[in-house]
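With compact mmCIF, C-alpha atoms inside, this is entry06.txt:
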```txt
# COMPACT_ATOMS: atom_id res chain seq x y z
CA MET A 1 0.00 0.00 0.00
CA SER A 2 1.67 3.25 -1.07
CA THR A 3 1.90 6.10 1.42
CA ILE A 4 2.03 9.78 0.74
CA ASP A 5 5.24 11.77 0.63
CA MET A 6 5.32 13.45 4.04
CA SER A 7 6.64 16.68 2.55
CA ILE A 8 3.23 17.08 0.89
CA VAL A 9 1.52 16.71 4.27
CA GLN A 10 3.93 19.20 5.81
CA ARG A 11 3.28 21.74 3.04
CA ALA A 12 -0.48 21.25 3.39
CA LYS A 13 -0.13 21.77 7.13
CA ARG A 14 1.59 25.10 6.44
CA GLY A 15 -1.40 26.17 4.34
CA ASP A 16 -0.20 25.24 0.85
CA ARG A 17 -3.44 24.82 -1.11
CA ALA A 18 -1.88 22.83 -3.96
CA ALA A 19 -0.34 20.40 -1.47
CA PHE A 20 -3.69 19.92 0.23
CA ALA A 21 -5.30 19.25 -3.15
CA ALA A 22 -2.57 16.67 -3.86
CA LEU A 23 -3.27 15.06 -0.51
CA VAL A 24 -6.98 14.82 -1.32
CA ASP A 25 -6.19 13.37 -4.75
CA PHE A 26 -3.89 10.79 -3.20
CA TYR A 27 -6.30 9.48 -0.58
CA TYR A 28 -9.74 10.08 -2.10
CA ALA A 29 -10.21 6.72 -3.81
CA ARG A 30 -9.05 4.71 -0.78
CA SER A 31 -11.24 6.79 1.53
CA LEU A 32 -14.21 6.33 -0.78
CA ARG A 33 -13.61 2.59 -0.92
CA PHE A 34 -13.60 2.34 2.88
CA ALA A 35 -16.72 4.51 3.21
CA VAL A 36 -18.62 2.60 0.52
CA HIS A 37 -17.89 -0.70 2.26
CA MET A 38 -18.79 0.71 5.66
CA LEU A 39 -21.99 2.48 4.60
CA GLY A 40 -23.13 0.36 1.67
CA ASN A 41 -24.33 3.46 -0.15
CA GLY A 42 -22.38 5.48 -2.69
CA GLN A 43 -24.00 8.83 -1.94
CA ASP A 44 -23.55 8.55 1.82
CA ALA A 45 -19.98 7.45 1.22
CA GLU A 46 -19.28 10.49 -0.98
CA GLU A 47 -20.71 12.75 1.69
CA ALA A 48 -18.65 11.09 4.42
CA VAL A 49 -15.44 11.42 2.41
CA GLN A 50 -16.11 15.06 1.49
CA ASP A 51 -16.82 15.86 5.15
CA THR A 52 -13.68 14.01 6.18
CA PHE A 53 -11.38 16.05 3.96
CA VAL A 54 -12.98 19.33 5.04
CA ARG A 55 -12.37 18.27 8.65
CA VAL A 56 -8.83 17.16 7.82
CA HIS A 57 -8.16 20.64 6.44
CA GLY A 58 -9.57 22.29 9.54
CA ALA A 59 -7.55 20.07 11.88
CA LEU A 60 -4.26 19.75 9.97
CA HIS A 61 -2.55 22.24 12.27
CA ARG A 62 -3.21 19.81 15.14
CA TYR A 63 -1.84 16.79 13.28
CA ASP A 64 1.10 15.31 15.16
CA GLU A 65 3.65 14.04 12.68
CA PHE A 66 4.74 11.24 15.01
CA ASP A 67 1.37 9.71 14.18
CA ARG A 68 1.18 8.09 10.75
CA PHE A 69 -0.88 10.39 8.54
CA GLU A 70 -2.91 7.52 7.18
CA SER A 71 -3.99 6.43 10.68
CA TRP A 72 -4.96 10.00 11.51
CA LEU A 73 -6.99 10.36 8.31
CA PHE A 74 -8.75 7.04 8.80
CA ARG A 75 -9.60 7.96 12.39
CA ILE A 76 -11.53 11.00 11.11
CA LEU A 77 -13.07 8.99 8.27
CA ALA A 78 -14.14 6.12 10.53
CA ASN A 79 -15.74 8.62 12.90
CA ARG A 80 -17.66 10.22 10.03
CA CYS A 81 -18.86 6.81 8.90
CA ARG A 82 -20.00 5.93 12.41
CA THR A 83 -21.89 9.21 12.63
CA MET A 84 -23.59 8.57 9.32
CA MET A 85 -24.49 5.03 10.27
CA GLY A 86 -26.34 6.52 13.21
CA ARG A 87 -28.62 8.38 10.86
CA GLU A 88 -31.58 6.78 9.24
CA ALA A 89 -30.24 4.25 6.77
CA ARG A 90 -30.60 5.36 3.20
CA ARG A 91 -30.13 2.32 1.08
CA SER A 92 -31.00 3.64 -2.36
CA ARG A 93 -28.63 2.24 -4.93
CA VAL A 94 -29.87 4.40 -7.77
CA LEU A 95 -27.13 6.26 -9.55
CA VAL A 96 -27.85 9.92 -10.02
CA TYR A 97 -27.35 11.61 -13.35
CA GLY A 98 -23.72 12.25 -14.05
CA ASP A 99 -22.49 9.13 -12.27
CA LEU A 100 -23.16 6.73 -15.08
CA PRO A 101 -19.92 5.09 -16.17
CA GLN A 102 -18.92 5.76 -19.73
CA ASP A 103 -17.80 2.28 -20.82
CA ARG A 104 -21.10 0.81 -21.86
CA GLY A 105 -19.64 -1.40 -24.55
CA THR A 106 -18.27 -4.04 -22.16
CA PRO A 107 -20.48 -7.11 -21.92
CA PRO A 108 -21.62 -7.68 -18.33
CA ASP A 109 -20.00 -10.48 -16.39
CA VAL A 110 -23.04 -11.74 -14.51
CA ASP A 111 -21.09 -14.10 -12.25
CA ALA A 112 -18.75 -11.31 -11.20
CA ILE A 113 -21.69 -8.99 -10.48
CA VAL A 114 -23.46 -11.63 -8.41
CA TRP A 115 -20.26 -12.46 -6.51
CA ARG A 116 -19.68 -8.75 -5.78
CA GLU A 117 -23.26 -8.40 -4.57
CA GLU A 118 -22.95 -11.39 -2.29
CA ILE A 119 -19.79 -9.98 -0.76
CA GLN A 120 -21.49 -6.63 -0.17
CA THR A 121 -24.51 -8.34 1.37
CA ALA A 122 -22.36 -10.43 3.68
CA LEU A 123 -20.25 -7.41 4.61
CA ALA A 124 -23.38 -5.38 5.40
CA ALA A 125 -24.62 -8.18 7.65
CA LEU A 126 -21.51 -7.96 9.84
CA PRO A 127 -21.70 -5.92 13.05
CA ALA A 128 -20.25 -2.47 12.27
CA ALA A 129 -17.26 -2.88 14.60
CA GLN A 130 -16.27 -6.17 12.96
CA ARG A 131 -16.78 -4.73 9.49
CA GLU A 132 -14.62 -1.74 10.35
CA ALA A 133 -11.85 -3.91 11.82
CA PHE A 134 -11.89 -6.31 8.86
CA LEU A 135 -11.70 -3.48 6.31
CA LEU A 136 -8.94 -1.62 8.13
CA ARG A 137 -6.86 -4.76 8.52
CA HIS A 138 -7.34 -6.65 5.30
CA VAL A 139 -8.44 -4.05 2.75
CA GLU A 140 -6.58 -0.95 3.97
CA GLY A 141 -3.62 -2.94 5.28
CA LEU A 142 -3.23 -1.19 8.64
CA GLU A 143 -1.26 -2.76 11.47
CA TYR A 144 -3.18 -3.59 14.63
CA GLU A 145 -1.44 -0.79 16.56
CA GLU A 146 -2.58 1.70 13.92
CA MET A 147 -6.07 0.26 14.00
CA GLY A 148 -6.07 0.86 17.72
CA ARG A 149 -5.33 4.54 17.12
CA VAL A 150 -8.08 4.71 14.48
CA THR A 151 -10.80 2.97 16.46
CA GLY A 152 -9.80 3.52 20.08
CA ALA A 153 -10.08 -0.23 20.70
CA GLY A 154 -7.39 -2.48 22.12
CA VAL A 155 -5.27 -4.75 19.94
CA SER A 156 -6.65 -7.99 21.35
CA ALA A 157 -10.23 -6.81 20.86
CA LEU A 158 -9.43 -5.83 17.29
CA LYS A 159 -7.83 -9.20 16.56
CA MET A 160 -10.96 -10.90 17.86
CA ARG A 161 -13.20 -8.69 15.67
CA VAL A 162 -11.18 -9.46 12.56
CA LYS A 163 -11.16 -13.17 13.37
CA ARG A 164 -14.93 -13.25 13.86
CA ALA A 165 -15.50 -11.23 10.70
CA CYS A 166 -13.41 -13.71 8.72
CA GLU A 167 -15.31 -16.65 10.17
CA PHE A 168 -18.63 -15.04 9.34
CA LEU A 169 -17.64 -14.13 5.78
CA ARG A 170 -16.15 -17.54 5.16
CA LEU A 171 -19.34 -19.23 6.33
CA ARG A 172 -21.69 -16.97 4.37
CA LEU A 173 -19.76 -16.91 1.13
CA ALA A 174 -18.83 -20.59 1.14
CA GLU A 175 -22.59 -21.24 1.10
CA VAL A 176 -22.92 -18.99 -1.93
CA GLU A 177 -20.15 -20.84 -3.72
CA ARG A 178 -21.77 -24.19 -3.04
CA ALA A 179 -25.17 -22.94 -4.25
CA MET B 1 1.07 -5.42 2.88
CA HIS B 2 0.52 -8.04 5.48
CA ASP B 3 -0.48 -11.63 4.80
CA ILE B 4 -4.21 -11.69 4.10
CA ASN B 5 -4.24 -15.34 5.05
CA GLU B 6 -3.54 -14.44 8.64
CA HIS B 7 -7.09 -15.59 9.42
CA GLY B 8 -8.08 -17.06 6.22
CA ASP B 9 -7.75 -19.20 3.26
CA GLU B 10 -8.19 -18.92 -0.46
CA LEU B 11 -11.81 -17.79 -0.03
CA ILE B 12 -10.93 -14.88 2.27
CA GLY B 13 -8.18 -13.97 -0.16
CA ARG B 14 -10.70 -13.72 -2.99
CA ILE B 15 -13.09 -11.64 -0.88
CA VAL B 16 -10.31 -9.25 0.06
CA SER B 17 -9.13 -9.04 -3.52
CA GLU B 18 -12.62 -7.99 -4.62
CA LEU B 19 -12.95 -5.47 -1.79
CA ARG B 20 -9.59 -3.87 -2.63
CA THR B 21 -10.86 -2.71 -6.00
CA LEU B 22 -10.78 1.06 -5.90
CA PRO B 23 -14.03 2.84 -6.79
CA PRO B 24 -14.11 5.47 -9.53
CA VAL B 25 -13.55 8.95 -8.15
CA PRO B 26 -15.77 11.76 -9.48
CA ALA B 27 -13.71 14.13 -11.62
CA ASP B 28 -14.72 17.11 -9.49
CA ALA B 29 -14.12 15.45 -6.10
CA THR B 30 -11.07 17.49 -5.12
CA ALA B 31 -12.60 20.72 -6.46
CA ARG B 32 -15.66 20.16 -4.29
CA VAL B 33 -13.53 19.63 -1.21
CA LEU B 34 -11.60 22.83 -1.94
CA ALA B 35 -14.82 24.78 -2.54
CA ARG B 36 -16.17 23.58 0.80
CA VAL B 37 -12.92 24.51 2.53
CA ASP B 38 -13.13 27.99 1.01
CA ALA B 39 -16.79 28.32 2.02
CA ALA B 40 -15.91 27.29 5.59
CA ARG B 41 -13.18 29.94 5.68
CA GLU B 42 -15.56 32.61 4.43
CA SER B 43 -18.09 31.76 7.09
CA GLU B 44 -15.45 32.19 9.80
CA ARG B 45 -14.83 35.87 8.99
CA PRO B 46 -17.69 37.89 10.51
CA GLY B 47 -15.35 39.63 13.01
CA ARG B 48 -13.28 41.26 10.30
CA PHE B 49 -16.41 42.49 8.60
CA SER B 50 -17.68 44.14 11.80
CA ARG B 51 -14.43 46.03 12.43
CA ARG B 52 -14.34 47.41 8.93
CA LEU B 53 -17.96 48.46 9.18
CA ILE B 54 -17.13 50.61 12.20
CA ILE B 55 -14.06 52.15 10.55
CA SER B 56 -15.59 53.00 7.18
CA LEU B 57 -19.15 52.57 6.03
CA PRO B 58 -18.38 52.83 2.26
CA ALA B 59 -15.62 50.27 2.64
CA ALA B 60 -18.00 47.99 4.50
CA ILE B 61 -20.60 48.25 1.74
CA GLY B 62 -17.97 47.30 -0.79
CA TYR B 63 -16.91 44.42 1.42
CA ALA B 64 -20.48 43.21 1.72
CA LEU B 65 -20.94 43.30 -2.04
CA ALA B 66 -17.71 41.36 -2.51
CA ALA B 67 -18.71 38.84 0.13
CA THR B 68 -22.11 38.39 -1.49
CA LEU B 69 -20.50 37.86 -4.87
CA ALA B 70 -17.96 35.44 -3.36
CA GLY B 71 -20.73 33.54 -1.64
CA PHE B 72 -22.64 33.31 -4.90
CA MET B 73 -19.58 32.01 -6.70
CA ILE B 74 -18.91 29.44 -3.99
CA ARG B 75 -22.46 28.22 -4.08
CA GLY B 76 -22.21 27.96 -7.82
CA ALA B 77 -19.01 25.92 -7.61
CA VAL B 78 -20.42 23.32 -5.25
CA PRO B 79 -22.52 20.85 -7.16
CA ARG B 80 -25.75 20.09 -5.36
CA ARG B 81 -26.51 16.43 -5.66
CA PRO B 82 -30.19 15.83 -6.15
CA GLU B 83 -31.86 13.24 -3.98
CA PRO B 84 -32.00 10.00 -5.91
CA THR B 85 -35.19 9.86 -7.87
CA VAL B 86 -36.23 7.89 -10.87
CA ALA B 87 -37.05 10.87 -12.97
CA GLN B 88 -34.49 13.60 -13.14
CA VAL B 89 -34.10 16.50 -15.48
CA PRO B 90 -30.43 16.65 -16.45
CA ASN B 91 -30.55 19.64 -18.76
CA PRO B 92 -32.62 22.39 -17.21
CA PRO B 93 -33.77 24.94 -19.75
CA VAL B 94 -32.26 28.37 -19.93
CA ALA B 95 -33.77 31.00 -17.66
CA GLU B 96 -35.04 34.19 -19.18
CA SER B 97 -37.28 36.97 -18.03
CA LEU B 98 -40.99 36.76 -18.84
CA GLY B 99 -43.16 39.78 -18.03
CA GLY B 100 -43.45 40.47 -14.33
CA GLY B 101 -41.03 37.89 -12.95
CA THR B 102 -38.26 35.51 -13.85
CA LYS B 103 -39.49 32.13 -14.95
CA ILE B 104 -37.53 29.18 -16.14
CA VAL B 105 -38.37 28.58 -19.76
CA PRO B 106 -36.53 27.25 -22.77
CA ALA B 107 -34.68 30.06 -24.52
CA SER B 108 -36.72 31.82 -27.24
CA ALA B 109 -39.87 29.83 -26.43
CA ASN B 110 -43.34 31.19 -26.06
CA ARG B 111 -45.81 29.77 -23.56
CA ARG B 112 -47.39 27.31 -25.97
CA ALA B 113 -44.05 26.00 -27.11
CA LEU B 114 -43.07 25.67 -23.50
CA GLN B 115 -46.04 23.47 -22.74
CA GLU B 116 -45.24 21.29 -25.72
CA ALA B 117 -41.52 21.05 -25.23
CA PRO B 118 -40.40 17.62 -24.05
CA VAL B 119 -38.07 17.32 -21.11
CA LYS B 120 -35.36 14.68 -20.78
CA VAL B 121 -36.18 12.34 -17.94
CA GLN B 122 -33.88 9.64 -16.65
CA PHE B 123 -35.39 6.29 -15.75
CA VAL B 124 -33.31 4.06 -13.52
CA LEU B 125 -33.85 0.51 -12.31
CA ASP B 126 -31.51 -1.48 -10.11
CA ALA B 127 -31.84 -4.97 -11.54
CA PRO B 128 -28.40 -6.59 -11.82
CA ARG B 129 -29.73 -10.03 -12.74
CA ALA B 130 -32.05 -8.86 -15.51
CA LYS B 131 -31.21 -9.63 -19.12
CA SER B 132 -33.22 -6.74 -20.56
CA VAL B 133 -35.24 -3.83 -19.21
CA MET B 134 -37.68 -1.64 -21.14
CA VAL B 135 -39.66 1.30 -19.88
CA VAL B 136 -43.24 1.38 -21.07
CA GLY B 137 -45.67 4.23 -20.45
CA ASP B 138 -48.19 6.56 -21.92
CA PHE B 139 -45.32 8.63 -23.34
CA ASN B 140 -44.23 5.80 -25.67
CA ALA B 141 -47.64 4.25 -26.34
CA TRP B 142 -46.82 1.36 -23.97
CA ASP B 143 -44.55 0.00 -26.67
CA GLY B 144 -42.43 -2.74 -25.12
CA SER B 145 -39.74 -2.48 -27.76
CA ARG B 146 -39.32 1.24 -28.18
CA THR B 147 -37.39 2.35 -25.08
CA PRO B 148 -34.72 -0.04 -23.81
CA LEU B 149 -32.65 0.80 -20.76
CA GLU B 150 -28.90 0.33 -20.90
CA ARG B 151 -27.10 -1.69 -18.30
CA ASP B 152 -24.05 -0.42 -16.47
CA SER B 153 -21.69 -3.39 -16.49
CA THR B 154 -20.09 -2.46 -13.17
CA THR B 155 -23.17 -1.91 -11.03
CA GLY B 156 -25.93 -3.76 -12.85
CA VAL B 157 -28.04 -0.59 -12.80
CA TRP B 158 -30.16 0.04 -15.89
CA SER B 159 -30.96 3.54 -17.14
CA ALA B 160 -32.32 5.48 -20.09
CA LEU B 161 -32.92 9.11 -20.95
CA VAL B 162 -36.35 9.65 -22.45
CA ASP B 163 -38.07 12.74 -23.87
CA VAL B 164 -41.30 13.24 -21.92
CA HIS B 165 -43.73 16.13 -22.23
CA PRO B 166 -44.69 18.06 -19.11
CA GLY B 167 -47.65 16.62 -17.24
CA ARG B 168 -48.67 13.52 -15.33
CA HIS B 169 -47.59 10.18 -16.78
CA VAL B 170 -47.88 6.55 -15.82
CA TYR B 171 -45.30 3.92 -16.60
CA ALA B 172 -43.68 0.65 -15.58
CA PHE B 173 -40.60 -1.39 -16.38
CA LEU B 174 -40.74 -4.56 -18.42
CA VAL B 175 -37.98 -6.87 -17.21
CA ASP B 176 -36.76 -9.70 -19.47
CA GLY B 177 -39.63 -9.00 -21.83
CA LYS B 178 -42.29 -10.35 -19.50
CA THR B 179 -42.09 -9.18 -15.90
CA TRP B 180 -44.13 -6.06 -15.18
CA THR B 181 -42.10 -4.17 -12.58
CA LEU B 182 -43.12 -1.02 -10.78
CA ASP B 183 -40.60 1.64 -9.92
CA PRO B 184 -39.79 1.07 -6.24
CA ARG B 185 -39.21 4.78 -5.70
CA ALA B 186 -42.24 6.27 -7.41
CA PRO B 187 -45.84 6.65 -6.29
CA ARG B 188 -48.26 4.04 -7.62
CA THR B 189 -51.71 4.11 -9.08
CA LYS B 190 -54.15 1.58 -10.47
CA ASP B 191 -55.09 1.62 -14.13
CA LEU B 192 -58.83 2.28 -14.26
CA ASP B 193 -59.34 0.17 -17.38
CA TYR B 194 -57.23 -2.87 -16.67
CA GLY B 195 -56.67 -2.73 -12.91
CA THR B 196 -52.89 -3.10 -13.22
CA GLN B 197 -50.57 -1.13 -10.98
CA GLN B 198 -48.52 1.63 -12.55
CA SER B 199 -45.86 4.03 -11.40
CA VAL B 200 -46.62 7.74 -11.57
CA LEU B 201 -44.31 10.39 -12.95
CA MET B 202 -44.96 14.12 -12.73
CA VAL B 203 -42.99 16.23 -15.19
CA GLY B 204 -43.45 19.86 -14.26
CA LEU B 205 -43.31 22.89 -16.50
CA PRO B 206 -39.83 24.29 -16.24
```
Could you take the file, read its structure, and then write that structure out as structure tokens?
Amino acid sequence: MSTIDMSIVQRAKRGDRAAFAALVDFYYARSLRFAVHMLGNGQDAEEAVQDTFVRVHGALHRYDEFDRFESWLFRILANRCRTMMGREARRSRVLVYGDLPQDRGTPPDVDAIVWREEIQTALAALPAAQREAFLLRHVEGLEYEEMGRVTGAGVSALKMRVKRACEFLRLRLAEVERA
Amino acid sequence: MHDINEHGDELIGRIVSELRTLPPVPADATARVLARVDAARESERPGRFSRRLIISLPAAIGYALAATLAGFMIRGAVPRRPEPTVAQVPNPPVAESLGGGTKIVPASANRRALQEAPVKVQFVLDAPRAKSVMVVGDFNAWDGSRTPLERDSTTGVWSALVDVHPGRHVYAFLVDGKTWTLDPRAPRTKDLDYGTQQSVLMVGLP
């Protein structure tokens, strides 16, 4: 997993607008991926990520460079996702105008779409804390100590969450494969 | 990257591999963040405005005009995402002044033309397992072959842009050529002649 050049973070912290834009560019896709998996809704995820970067900008002067920037960013993002999960769930999966992908010539791979859907369904069925721990560990590649800084939970609790999430996903998706 | 098989096996590896796919990022994502940052900065400046107002009234008036203009520009730069609806108007007509007030009308149109002018409406149906989806309604003579929706290969969402005249319309989706499907996000009504359920679409005058 690539990490950002810290000189960009330092310049952004000093108020360099171009550096902040570069920072947003660098982390936007990963942040959106995490938020989409946590919230299960593209629009909510977009909103959470936009809010996160506005908050990051407002709090950059407080960022302690002994902390890994990625952990710090994901702490803010995970908090935004938790806040949004507290709201009434909006599960619409309709794409609004302007979001439609351009490559319409590719024939659909139905098996891949079904597999992706089953993963999303299983992921959504996980308790939020387990989903968060699983995504941070296996998808975002954070170490358990970093995950502790992101979530505020202890390492042993996080290991247990990830283990249970894996067991649940394995059980659910093995059934799908057998079907 | 750590070993994804720490708790898993080949199956967990495949799940993780799928979940690591990065989503497409909207082209204006960073610009929207920057616009919001600028808007937040602007909103944090009332103190400076007050001091200048006390020092010089003309300067304050100029400042207020500039702030208003800046606020307008910021609002204009931040795209407002509409709530997801089945029928959306992607190309709003040009605004021009009509008589006593400003009304939104197509450029160079008179009132009659306005009432007759079709509006582009987007129909969307989330049906990833469908093989074909058509929209049928009173705007296309309930023709089950005239208006196909196109499938997005990534999401399985079907959509089509259709010219619809202003007014109330009823419609439904025809999935795989045989399954009558109502729009889950639109109001419903019963057809008085046949008793079938239909979705309702209201296309307003611009």
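Using only C-alpha atoms for every distance, the candidate list A:Asp51, A:Glu146, A:Asp111, A:Asp25 yields A:Asp51 as the residue closest to Asn79 of chain A.
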(request) One decimal, Å: what's the distance from atom CA of Asp38 of chain B over to atom CA of Met85 of chain A, could you say? (result)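 Spanning atom CA of Asp38 of chain B to atom CA of Met85 of chain A is a straight-line distance of 27.2 Å.
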(request) Report the distance between atom CA of Ala128 of chain A and atom CA of Gly152 of chain A in Å, rounded to one decimal place. (result) 14.4 Å
(request) Grab the atom CA of Val157 of chain B to atom CA of Asp126 of chain B distance for me, in Å with one decimal place. (result)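 Rounded to one decimal, the two atoms are 4.5 Å apart.
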(request) Write out as a ChimeraX atom specification which residues come within 9 Å of Phe139 of chain B when counting only C-alpha atoms, dropping same-chain ones fewer than 3 positions away. (result) /B:136,142,163-165,169-171
(message) Could you check the closest approach to chain A for each of B:Lys120, B:Gly13, B:Pro26, B:Ser153 and tell me which residue wins, using all atoms listed in the file?
(response)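 Among the listed residues, B:Ser153 lies closest to chain A.
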(request) Check the smallest atom-to-atom distance from each of B:Ala27, B:Val124, B:Val203, B:Val133 to chain A using all atoms listed in the file, then report the winner. (result)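 Among the listed residues, the smallest separation from chain A belongs to B:Val124.
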(message) For a quick check of understanding, using all atoms listed in the file, which of B:Pro166, B:Pro128, B:Pro118, B:Gly137 has the smallest distance to chain A?
(response)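 Using all atoms listed in the file, chain A sits closest to B:Pro128.
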(request) Rank B:Leu22, B:Ala39, B:Met134, B:Val33 by their smallest atom-to-atom distance to Pro148 of chain B, using only C-alpha atoms, and report the top residue only. (result)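 Of B:Leu22, B:Ala39, B:Met134, B:Val33, the one nearest Pro148 of chain B is B:Met134, counting only C-alpha atoms.
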(request) List the neighbours of segment 184-190 of chain B out to 6 Å using all atoms listed in the file; skip same-chain residues closer than 6 positions along the sequence, and give me the result as a PyMOL selection string. (result) chain B and resi 196-200
(message) Using all atoms listed in the file, which protein or nucleic acid residues come within 12 Å of Glu175 of chain A? Drop anything in the same chain fewer than 2 positions from it, and give the result as a list in words.
(response)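 Near neighbours after the sequence-gap exclusion: Trp115, Glu118, Ile119, Ala122, Phe168, Leu169, Arg170, Leu171, Arg172, Leu173, Glu177, Arg178 and Ala179 of chain A; Leu11 of chain B.
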(message) For a quick check of understanding, using only C-alpha atoms, which of A:Met38, A:Met147, A:Val110, A:Ala157 has the smallest distance to chain B?
(response) A:Val110
